[in-house]
file work.csv (CSV, C-alpha atoms (C1' of nucleotides))
chain,number,residue,atom,x,y,z
P,1,MET,CA,0.2,10.5,-63.0
P,2,LYS,CA,-3.3,11.7,-62.8
P,3,SER,CA,-4.1,14.8,-60.7
P,4,ILE,CA,-5.1,14.2,-57.1
P,5,SER,CA,-8.3,15.3,-55.4
P,6,LYS,CA,-8.2,17.6,-52.5
P,7,GLN,CA,-9.7,14.9,-50.3
P,8,LEU,CA,-7.0,12.4,-51.0
P,9,LYS,CA,-4.3,15.0,-50.6
P,10,ILE,CA,-5.6,15.9,-47.2
P,11,PHE,CA,-5.4,12.3,-46.2
P,12,LEU,CA,-1.9,12.0,-47.4
P,13,ASN,CA,-0.9,15.0,-45.4
P,14,LEU,CA,-2.9,14.0,-42.3
P,15,ALA,CA,-0.5,11.2,-41.4
P,16,THR,CA,2.4,13.6,-41.8
P,17,VAL,CA,0.8,16.4,-39.8
P,18,GLN,CA,-0.2,14.0,-37.1
P,19,ALA,CA,3.3,12.5,-36.8
P,20,HIS,CA,4.7,16.0,-36.6
P,21,ILE,CA,2.4,17.2,-33.9
P,22,GLU,CA,2.8,14.0,-31.8
P,23,ARG,CA,6.5,14.3,-31.9
P,24,SER,CA,6.3,17.9,-30.8
P,25,PHE,CA,4.1,17.0,-27.9
P,26,ASN,CA,6.3,14.1,-26.9
P,27,ILE,CA,9.3,16.3,-26.8
P,28,GLY,CA,7.9,19.3,-25.1
P,29,LEU,CA,5.2,18.0,-22.7
P,30,GLY,CA,7.7,17.3,-20.0
P,31,ASN,CA,7.2,15.3,-16.9
P,32,GLY,CA,7.8,12.1,-18.8
P,33,VAL,CA,4.3,12.2,-20.2
P,34,GLY,CA,4.0,11.2,-23.8
P,35,PHE,CA,1.2,12.3,-26.1
P,36,ASN,CA,-0.7,9.1,-25.7
P,37,ASP,CA,-0.4,9.2,-22.0
P,38,PHE,CA,-1.7,12.7,-22.0
P,39,VAL,CA,-4.7,11.8,-24.1
P,40,ILE,CA,-5.5,8.9,-21.9
P,41,LEU,CA,-5.3,10.9,-18.7
P,42,TYR,CA,-7.5,13.6,-20.3
P,43,HIS,CA,-10.2,11.3,-21.4
P,44,LEU,CA,-10.3,9.7,-18.0
P,45,SER,CA,-10.6,13.0,-16.3
P,46,GLN,CA,-13.7,13.8,-18.2
P,47,GLU,CA,-15.6,10.7,-17.1
P,48,SER,CA,-17.8,10.6,-14.1
P,49,GLY,CA,-15.8,8.8,-11.4
P,50,GLN,CA,-12.8,9.4,-13.5
P,51,LYS,CA,-12.9,5.8,-14.7
P,52,MET,CA,-13.6,3.9,-17.8
P,53,ARG,CA,-13.9,0.4,-19.1
P,54,ARG,CA,-10.7,-0.5,-20.9
P,55,ILE,CA,-12.5,-1.4,-24.0
P,56,ASP,CA,-14.3,2.0,-24.2
P,57,LEU,CA,-11.0,3.8,-23.6
P,58,ALA,CA,-9.5,1.8,-26.5
P,59,GLU,CA,-12.3,2.8,-28.8
P,60,LYS,CA,-12.0,6.4,-27.8
P,61,VAL,CA,-8.4,6.6,-28.8
P,62,SER,CA,-8.7,4.2,-31.7
P,63,LEU,CA,-6.5,1.5,-30.3
P,64,SER,CA,-7.1,-2.2,-30.1
P,65,ALA,CA,-8.0,-3.9,-26.9
P,66,SER,CA,-4.5,-5.3,-26.6
P,67,GLY,CA,-3.0,-2.0,-27.5
P,68,ILE,CA,-4.7,-0.5,-24.5
P,69,THR,CA,-3.6,-3.3,-22.2
P,70,ARG,CA,0.0,-2.6,-23.2
P,71,LEU,CA,-0.3,1.2,-23.2
P,72,LEU,CA,-1.7,1.2,-19.7
P,73,LEU,CA,0.8,-1.2,-18.2
P,74,PRO,CA,3.6,1.3,-17.6
P,75,MET,CA,1.1,3.9,-16.5
P,76,GLU,CA,-0.2,1.6,-13.9
P,77,LYS,CA,3.3,0.8,-12.8
P,78,ILE,CA,4.2,4.4,-12.1
P,79,GLY,CA,0.8,5.0,-10.5
P,80,LEU,CA,-0.9,7.3,-13.0
P,81,VAL,CA,-3.9,5.0,-13.3
P,82,SER,CA,-5.2,2.1,-11.2
P,83,ARG,CA,-7.3,-0.9,-11.8
P,84,GLU,CA,-10.7,-1.5,-10.4
P,85,GLU,CA,-13.1,-4.4,-10.9
P,86,SER,CA,-16.7,-4.1,-11.9
P,87,LYS,CA,-19.3,-5.4,-9.5
P,88,ASN,CA,-21.8,-6.1,-12.2
P,89,ASP,CA,-19.6,-7.7,-14.8
P,90,GLY,CA,-16.8,-10.0,-14.0
P,91,ARG,CA,-15.2,-9.5,-17.4
P,92,VAL,CA,-14.7,-5.8,-17.0
P,93,SER,CA,-11.9,-4.0,-15.3
P,94,PHE,CA,-12.0,-0.2,-15.1
P,95,VAL,CA,-9.1,2.1,-15.5
P,96,LYS,CA,-9.2,4.8,-12.9
P,97,LEU,CA,-7.3,8.1,-12.8
P,98,THR,CA,-5.3,8.3,-9.6
P,99,PRO,CA,-4.5,11.5,-7.7
P,100,ALA,CA,-1.0,11.3,-9.0
P,101,GLY,CA,-2.4,11.0,-12.5
P,102,ASN,CA,-4.6,13.9,-11.9
P,103,ARG,CA,-1.7,16.1,-10.8
P,104,LEU,CA,0.4,15.1,-13.8
P,105,LEU,CA,-2.5,15.9,-16.1
P,106,GLU,CA,-2.9,19.3,-14.5
P,107,GLU,CA,0.8,20.1,-15.1
P,108,ALA,CA,0.9,18.8,-18.6
P,109,PHE,CA,-2.3,20.6,-19.5
P,110,GLU,CA,-1.0,24.1,-19.6
P,111,ASN,CA,1.9,22.9,-21.7
P,112,ALA,CA,-0.4,21.1,-24.1
P,113,GLU,CA,-2.6,24.2,-24.5
P,114,TYR,CA,0.3,26.3,-25.2
P,115,LYS,CA,1.6,24.0,-27.9
P,116,ALA,CA,-1.8,23.5,-29.5
P,117,LYS,CA,-2.3,27.2,-29.8
P,118,ALA,CA,1.1,27.7,-31.2
P,119,PHE,CA,0.3,25.3,-34.0
P,120,LEU,CA,-3.2,26.6,-34.6
P,121,PRO,CA,-3.4,30.3,-34.0
P,122,SER,CA,-6.8,31.3,-32.7
P,123,THR,CA,-7.2,33.9,-35.4
P,124,ASP,CA,-8.2,31.0,-37.5
P,125,ILE,CA,-11.5,30.5,-35.8
P,126,ARG,CA,-13.6,29.8,-38.9
P,127,ALA,CA,-11.2,27.2,-40.1
P,128,LEU,CA,-11.1,25.6,-36.7
P,129,ASN,CA,-14.9,25.4,-36.7
P,130,ASP,CA,-14.8,23.7,-40.1
P,131,LEU,CA,-12.2,21.3,-38.9
P,132,SER,CA,-14.3,20.4,-35.9
P,133,GLU,CA,-17.2,19.8,-38.2
P,134,ILE,CA,-15.1,17.5,-40.3
P,135,PHE,CA,-14.1,15.5,-37.3
P,136,ASN,CA,-17.8,15.2,-36.4
P,137,LEU,CA,-18.3,13.6,-39.8
P,138,PHE,CA,-16.3,10.8,-38.5
P,139,SER,CA,-18.8,10.5,-35.6
P,140,PHE,CA,-16.1,10.7,-33.0
P,141,LYS,CA,-17.6,11.9,-29.7
P,142,PRO,CA,-15.2,14.4,-28.3
P,143,SER,CA,-15.5,14.6,-24.5
P,144,GLY,CA,-15.3,17.8,-22.5
P,145,GLN,CA,-16.5,21.3,-23.1
P,146,ILE,CA,-15.3,23.6,-25.8
P,147,ILE,CA,-14.3,27.2,-25.0
P,148,SER,CA,-13.7,29.9,-27.5
L,1,MET,CA,-10.6,19.9,-14.7
L,2,LYS,CA,-10.4,23.1,-16.7
L,3,SER,CA,-12.2,23.4,-20.0
L,4,ILE,CA,-10.2,22.7,-23.1
L,5,SER,CA,-9.6,24.9,-26.1
L,6,LYS,CA,-10.8,24.0,-29.5
L,7,GLN,CA,-7.3,23.8,-30.7
L,8,LEU,CA,-6.2,21.3,-28.2
L,9,LYS,CA,-9.3,19.2,-28.7
L,10,ILE,CA,-8.6,19.0,-32.4
L,11,PHE,CA,-5.1,17.7,-31.6
L,12,LEU,CA,-6.5,15.1,-29.3
L,13,ASN,CA,-8.9,13.9,-32.0
L,14,LEU,CA,-6.3,14.2,-34.8
L,15,ALA,CA,-4.5,11.1,-33.6
L,16,THR,CA,-7.7,9.2,-33.4
L,17,VAL,CA,-8.9,10.3,-36.8
L,18,GLN,CA,-5.6,9.5,-38.4
L,19,ALA,CA,-5.5,6.0,-36.9
L,20,HIS,CA,-9.0,5.4,-38.1
L,21,ILE,CA,-8.3,6.5,-41.6
L,22,GLU,CA,-5.0,4.7,-41.9
L,23,ARG,CA,-6.6,1.5,-40.8
L,24,SER,CA,-9.4,1.9,-43.4
L,25,PHE,CA,-6.8,2.4,-46.1
L,26,ASN,CA,-4.7,-0.5,-45.0
L,27,ILE,CA,-7.7,-2.8,-45.1
L,28,GLY,CA,-9.2,-1.7,-48.4
L,29,LEU,CA,-6.3,-0.6,-50.6
L,30,GLY,CA,-5.7,-4.1,-51.9
L,31,ASN,CA,-2.7,-5.3,-53.9
L,32,GLY,CA,-0.8,-5.7,-50.6
L,33,VAL,CA,-0.1,-2.0,-50.6
L,34,GLY,CA,-0.3,-0.4,-47.1
L,35,PHE,CA,-1.1,3.2,-46.5
L,36,ASN,CA,2.6,4.1,-46.0
L,37,ASP,CA,3.6,2.4,-49.2
L,38,PHE,CA,1.0,4.2,-51.1
L,39,VAL,CA,2.2,7.6,-49.7
L,40,ILE,CA,5.8,6.8,-50.7
L,41,LEU,CA,4.9,5.7,-54.2
L,42,TYR,CA,2.8,8.8,-54.7
L,43,HIS,CA,5.4,11.2,-53.5
L,44,LEU,CA,8.0,9.6,-55.7
L,45,SER,CA,5.7,9.8,-58.7
L,46,GLN,CA,5.5,13.5,-58.3
L,47,GLU,CA,9.3,14.1,-58.4
L,48,SER,CA,11.1,14.8,-61.6
L,49,GLY,CA,12.9,11.6,-62.6
L,50,GLN,CA,10.6,9.9,-60.1
L,51,LYS,CA,13.4,9.7,-57.6
L,52,MET,CA,14.3,11.3,-54.3
L,53,ARG,CA,17.1,11.3,-51.7
L,54,ARG,CA,16.1,9.1,-48.9
L,55,ILE,CA,16.4,11.8,-46.3
L,56,ASP,CA,14.1,14.1,-48.2
L,57,LEU,CA,11.6,11.4,-48.5
L,58,ALA,CA,11.8,10.8,-44.8
L,59,GLU,CA,11.1,14.4,-44.1
L,60,LYS,CA,8.3,14.5,-46.5
L,61,VAL,CA,6.4,11.8,-44.7
L,62,SER,CA,7.6,12.8,-41.2
L,63,LEU,CA,9.7,9.7,-40.6
L,64,SER,CA,13.2,9.4,-39.2
L,65,ALA,CA,16.1,8.5,-41.5
L,66,SER,CA,16.2,5.0,-40.1
L,67,GLY,CA,12.5,4.7,-40.4
L,68,ILE,CA,12.8,5.3,-44.1
L,69,THR,CA,15.5,2.8,-44.4
L,70,ARG,CA,13.3,0.2,-42.8
L,71,LEU,CA,10.2,1.1,-44.6
L,72,LEU,CA,11.8,0.9,-48.0
L,73,LEU,CA,13.5,-2.4,-47.4
L,74,PRO,CA,10.6,-4.6,-48.2
L,75,MET,CA,9.5,-2.3,-51.0
L,76,GLU,CA,12.9,-2.7,-52.6
L,77,LYS,CA,12.7,-6.4,-52.1
L,78,ILE,CA,9.5,-6.8,-54.1
L,79,GLY,CA,10.7,-4.3,-56.7
L,80,LEU,CA,8.4,-1.3,-56.2
L,81,VAL,CA,11.4,1.0,-55.8
L,82,SER,CA,15.0,0.7,-56.6
L,83,ARG,CA,18.3,2.2,-55.3
L,84,GLU,CA,20.4,4.6,-57.3
L,85,GLU,CA,23.7,6.3,-56.3
L,86,SER,CA,24.4,9.9,-56.6
L,87,LYS,CA,27.3,11.0,-58.8
L,88,ASN,CA,27.9,14.2,-57.0
L,89,ASP,CA,27.6,13.0,-53.4
L,90,GLY,CA,28.9,9.7,-52.2
L,91,ARG,CA,26.7,9.7,-49.1
L,92,VAL,CA,23.5,10.0,-51.0
L,93,SER,CA,21.4,7.2,-52.4
L,94,PHE,CA,18.3,7.9,-54.3
L,95,VAL,CA,15.0,6.0,-54.1
L,96,LYS,CA,13.6,5.6,-57.5
L,97,LEU,CA,10.1,4.5,-58.6
L,98,THR,CA,10.2,1.4,-60.7
L,99,PRO,CA,7.8,0.5,-63.5
L,100,ALA,CA,6.3,-2.1,-61.3
L,101,GLY,CA,5.9,0.5,-58.5
L,102,ASN,CA,4.3,2.8,-61.0
L,103,ARG,CA,1.8,0.2,-62.1
L,104,LEU,CA,0.9,-0.6,-58.5
L,105,LEU,CA,0.4,3.1,-57.7
L,106,GLU,CA,-1.9,3.5,-60.7
L,107,GLU,CA,-4.0,0.6,-59.5
L,108,ALA,CA,-4.2,1.7,-55.9
L,109,PHE,CA,-4.8,5.3,-56.8
L,110,GLU,CA,-8.4,4.8,-57.9
L,111,ASN,CA,-9.1,2.9,-54.8
L,112,ALA,CA,-7.5,5.6,-52.6
L,113,GLU,CA,-9.5,8.3,-54.3
L,114,TYR,CA,-12.7,6.4,-53.7
L,115,LYS,CA,-11.9,6.0,-50.1
L,116,ALA,CA,-10.9,9.5,-49.5
L,117,LYS,CA,-14.1,10.9,-51.1
L,118,ALA,CA,-16.2,8.5,-49.0
L,119,PHE,CA,-14.6,9.9,-45.9
L,120,LEU,CA,-14.8,13.6,-46.9
L,121,PRO,CA,-17.8,14.2,-49.1
L,122,SER,CA,-17.0,16.8,-51.7
L,123,THR,CA,-20.1,18.8,-50.7
L,124,ASP,CA,-17.9,20.1,-47.9
L,125,ILE,CA,-15.7,22.1,-50.2
L,126,ARG,CA,-15.4,25.2,-48.0
L,127,ALA,CA,-14.4,23.1,-45.0
L,128,LEU,CA,-11.9,21.3,-47.2
L,129,ASN,CA,-10.4,24.5,-48.3
L,130,ASP,CA,-10.0,25.6,-44.7
L,131,LEU,CA,-8.4,22.2,-43.8
L,132,SER,CA,-6.0,22.7,-46.6
L,133,GLU,CA,-5.1,26.1,-45.3
L,134,ILE,CA,-4.5,24.8,-41.9
L,135,PHE,CA,-2.1,22.2,-43.3
L,136,ASN,CA,-0.3,24.9,-45.1
L,137,LEU,CA,0.2,26.6,-41.8
L,138,PHE,CA,2.4,23.7,-40.9
L,139,SER,CA,4.5,24.6,-43.9
L,140,PHE,CA,4.2,21.2,-45.4
L,141,LYS,CA,4.8,21.4,-49.1
L,142,PRO,CA,2.2,19.1,-50.7
L,143,SER,CA,3.3,17.8,-54.0
L,144,GLY,CA,1.1,17.4,-57.0
L,145,GLN,CA,-1.8,19.4,-58.4
L,146,ILE,CA,-5.1,19.9,-56.8
L,147,ILE,CA,-8.4,19.4,-58.7
L,148,SER,CA,-11.9,20.4,-57.6
E,1,DG,C1',45.9,20.0,-47.2
E,2,DC,C1',44.5,18.8,-42.1
E,3,DT,C1',41.3,18.9,-38.7
E,4,DA,C1',36.8,19.6,-37.0
E,5,DT,C1',32.1,19.6,-38.0
E,6,DA,C1',28.2,18.3,-40.4
E,7,DT,C1',25.4,15.2,-43.3
E,8,DA,C1',23.4,10.7,-45.3
E,9,DC,C1',22.6,6.5,-44.3
E,10,DT,C1',22.6,1.9,-41.8
E,11,DT,C1',22.4,-1.1,-37.8
E,12,DG,C1',21.4,-2.8,-32.8
E,13,DA,C1',18.5,-2.4,-29.1
E,14,DT,C1',14.2,-1.0,-27.6
E,15,DT,C1',9.3,0.6,-27.6
E,16,DA,C1',4.4,0.7,-29.4
E,17,DG,C1',1.4,-1.2,-31.7
E,18,DT,C1',-1.1,-5.1,-34.5
E,19,DC,C1',-3.5,-9.6,-35.1
E,20,DA,C1',-4.8,-14.3,-33.7
E,21,DA,C1',-5.6,-17.3,-30.0
E,22,DT,C1',-7.0,-17.9,-25.3
E,23,DT,C1',-9.5,-17.4,-20.9
E,24,DA,C1',-13.3,-16.1,-18.4
E,25,DA,C1',-17.7,-14.2,-17.9
E,26,DT,C1',-22.3,-12.8,-19.6
E,27,DC,C1',-26.3,-13.2,-22.5
E,28,DA,C1',-29.9,-15.4,-25.2
E,29,DT,C1',-32.8,-19.2,-26.2
E,30,DC,C1',-34.7,-23.3,-26.0
G,1,DG,C1',-30.8,-24.1,-16.2
G,2,DA,C1',-27.6,-26.3,-20.2
G,3,DT,C1',-25.7,-24.9,-24.6
G,4,DG,C1',-23.9,-21.6,-27.9
G,5,DA,C1',-22.7,-17.2,-29.1
G,6,DT,C1',-20.8,-12.8,-27.7
G,7,DT,C1',-17.9,-9.7,-25.1
G,8,DA,C1',-13.7,-8.0,-22.2
G,9,DA,C1',-9.3,-8.6,-21.4
G,10,DT,C1',-4.7,-10.7,-21.7
G,11,DT,C1',-0.8,-13.0,-24.0
G,12,DG,C1',2.5,-14.6,-27.8
G,13,DA,C1',4.4,-13.7,-32.0
G,14,DC,C1',5.2,-10.3,-35.1
G,15,DT,C1',5.7,-5.5,-37.6
G,16,DA,C1',6.9,-0.8,-37.6
G,17,DA,C1',8.9,2.8,-35.7
G,18,DT,C1',12.2,5.2,-32.5
G,19,DC,C1',16.8,6.6,-30.7
G,20,DA,C1',21.8,6.2,-30.2
G,21,DA,C1',25.8,4.8,-32.2
G,22,DG,C1',28.7,3.9,-36.0
G,23,DT,C1',30.5,4.5,-40.9
G,24,DA,C1',31.5,7.0,-44.8
G,25,DT,C1',31.6,11.1,-47.3
G,26,DA,C1',31.6,16.2,-47.8
G,27,DT,C1',32.4,20.9,-46.3
G,28,DA,C1',34.6,24.8,-43.8
G,29,DG,C1',38.4,27.2,-41.6
G,30,DC,C1',42.9,27.6,-40.6
call {"tool": "encode", "arguments": {"input": "work.csv", "output": "structure tokens"}}
result
Amino acid sequence: MKSISKQLKIFLNLATVQAHIERSFNIGLGNGVGFNDFVILYHLSQESGQKMRRIDLAEKVSLSASGITRLLLPMEKIGLVSREESKNDGRVSFVKLTPAGNRLLEEAFENAEYKAKAFLPSTDIRALNDLSEIFNLFSFKPSGQIIS
Amino acid sequence: MKSISKQLKIFLNLATVQAHIERSFNIGLGNGVGFNDFVILYHLSQESGQKMRRIDLAEKVSLSASGITRLLLPMEKIGLVSREESKNDGRVSFVKLTPAGNRLLEEAFENAEYKAKAFLPSTDIRALNDLSEIFNLFSFKPSGQIIS
DNA sequence: GCTATATACTTGATTAGTCAATTAATCATC
DNA sequence: GATGATTAATTGACTAATCAAGTATATAGC
């Protein structure tokens, strides 16, 4: 077997790291909020009017259109998000963060911060900056404002 | 909404980045090899005797024991890996890389390297080093040898 | 050397996601 | 303003994973 480049090795590990983190979040986030739910709620909270077109939300979290439909279904059912029609475009339906969704997000947020910092100690600021740069390479547009 | 730490933001993006990359690999790897298959074949190739206990393989790629059983099933069927019993422990069954699996790995490897380097240009060596460090924080033991 | 506990693996039931096809609305152009 | 192409969303059929339970083996303590 040939030797492997650093780039490819990172990719091989990325899946593993991601699975690891996601599981940790799912276990510890509490309140019945899974990692995906949390991400959805967070992205919605950052939008003006706390609502998004379903298709934009899908792209933001790298899911397919049908994936978003199915992910949102149970969240609608328990009232974390609601559905709102567009006045301008009959095809579009918005996902809107409900007050209940907002409350749940607030609760889960502290927990998520705690977990994230446990995984990536803040002493590693330089590496964190580089990691952010790399993600920017992918031209993902992170929403929200970054603090130290 | 409070502002979000860099650490948590990275986590939120990690899932997205990972999904993005995996999709790209699945599309372009060719030979009917999915990203997961590739990772499995690679890890096996790095082991002495090119075989592993199923449970160790599961942990290496952050899957559950049943996840590995189900992932390997079609790979066994098409002959990429084979099953081998342990002489010392009747519970254990090894997964072994077959010659066919080896050939397929060789073929997919070039392609995977190409894709990985397209995503992470090698000019970014310092950032790549940091990224590697961060992954080491998670105490994943990457197998294989790193080149430039 | 029995009994209890732990480990490796598989299986059934379920959950999350994909893709392909469909419906409905919008946009573009002639 | 009719026709054709594009876009947003949902649905059906499927794949990939999970967890919980079950089976078989191994280990530890008495």
call {"tool": "closest_residue", "arguments": {"input": "work.csv", "among": "L:Arg23, L:Arg53, L:Lys60, L:Arg91", "to": "chain G", "atoms": "only C-alpha atoms (C1' of nucleotides)"}}
result
L:Arg91
call {"tool": "interface_residues", "arguments": {"input": "work.csv", "of": "chain P", "to": "chain G", "cutoff": "12 Å", "atoms": "all atoms listed in the file", "output": "PyMOL selection string"}}
result
chain P and resi 19+23+53-56+58+64-70+73+85-86+89-94
call {"tool": "residues_around", "arguments": {"input": "work.csv", "residues": "Thr16 of chain P", "least_positions_apart": "4", "cutoff": "8 Å", "atoms": "only C-alpha atoms (C1' of nucleotides)", "output": "PyMOL selection string"}}
result
(chain P and resi 12+20) or (chain L and resi 60-62)
call {"tool": "atom_distance", "arguments": {"input": "work.csv", "atom1": "atom CA of Lys77 of chain L", "atom2": "atom CA of Asn26 of chain L"}}
result
19.7 Å
call {"tool": "interface_residues", "arguments": {"input": "work.csv", "of": "chain E", "to": "chain L", "cutoff": "8 Å", "atoms": "all atoms listed in the file", "output": "JSON, numbers by chain"}}
result
{"E": [8, 9, 10]}
call {"tool": "closest_residue", "arguments": {"input": "work.csv", "among": "L:Lys51, L:Leu80, L:Glu107, L:Leu63", "to": "chain P", "atoms": "all atoms listed in the file"}}
result
L:Leu63
call {"tool": "atom_distance", "arguments": {"input": "work.csv", "atom1": "atom CA of Leu105 of chain L", "atom2": "atom CA of Val17 of chain P"}}
result
22.3 Å
call {"tool": "axis_aligned_box", "arguments": {"input": "work.csv", "around": "segment 13-19 of chain P", "padding_each_side": "4 Å", "output": "JSON"}}
result
{"center_x": 0.2, "center_y": 13.8, "center_z": -41.1, "size_x": 14.2, "size_y": 13.2, "size_z": 16.6}
call {"tool": "atom_distance", "arguments": {"input": "work.csv", "atom1": "atom CA of Gly49 of chain P", "atom2": "atom CA of Leu71 of chain P"}}
result
20.9 Å
call {"tool": "residues_around", "arguments": {"input": "work.csv", "residues": "Glu22 of chain L", "least_positions_apart": "3", "cutoff": "9 Å", "atoms": "all atoms listed in the file", "output": "PyMOL selection string"}}
result
(chain P and resi 11+15) or (chain L and resi 17-19+25-27+34-36)
call {"tool": "closest_residue", "arguments": {"input": "work.csv", "among": "L:Gly79, L:Asp37, L:Leu104, L:Ser45", "to": "chain P", "atoms": "all atoms listed in the file"}}
result
L:Ser45
call {"tool": "closest_residue", "arguments": {"input": "work.csv", "among": "L:Lys117, L:Lys96, L:Arg83, L:His43", "to": "chain P", "atoms": "all atoms listed in the file"}}
result
L:Lys117
call {"tool": "residues_near_point", "arguments": {"input": "work.csv", "point": "(-0.1, 1.1, -55.8)", "cutoff": "12 Å", "atoms": "all atoms listed in the file", "output": "ChimeraX atom specification"}}
result
/P:1 /L:25-26,29-45,75,80-81,97-113
call {"tool": "closest_residue", "arguments": {"input": "work.csv", "among": "L:Ala118, L:Ile78, L:Leu8, L:Leu72", "to": "chain P", "atoms": "all atoms listed in the file"}}
result
L:Leu8
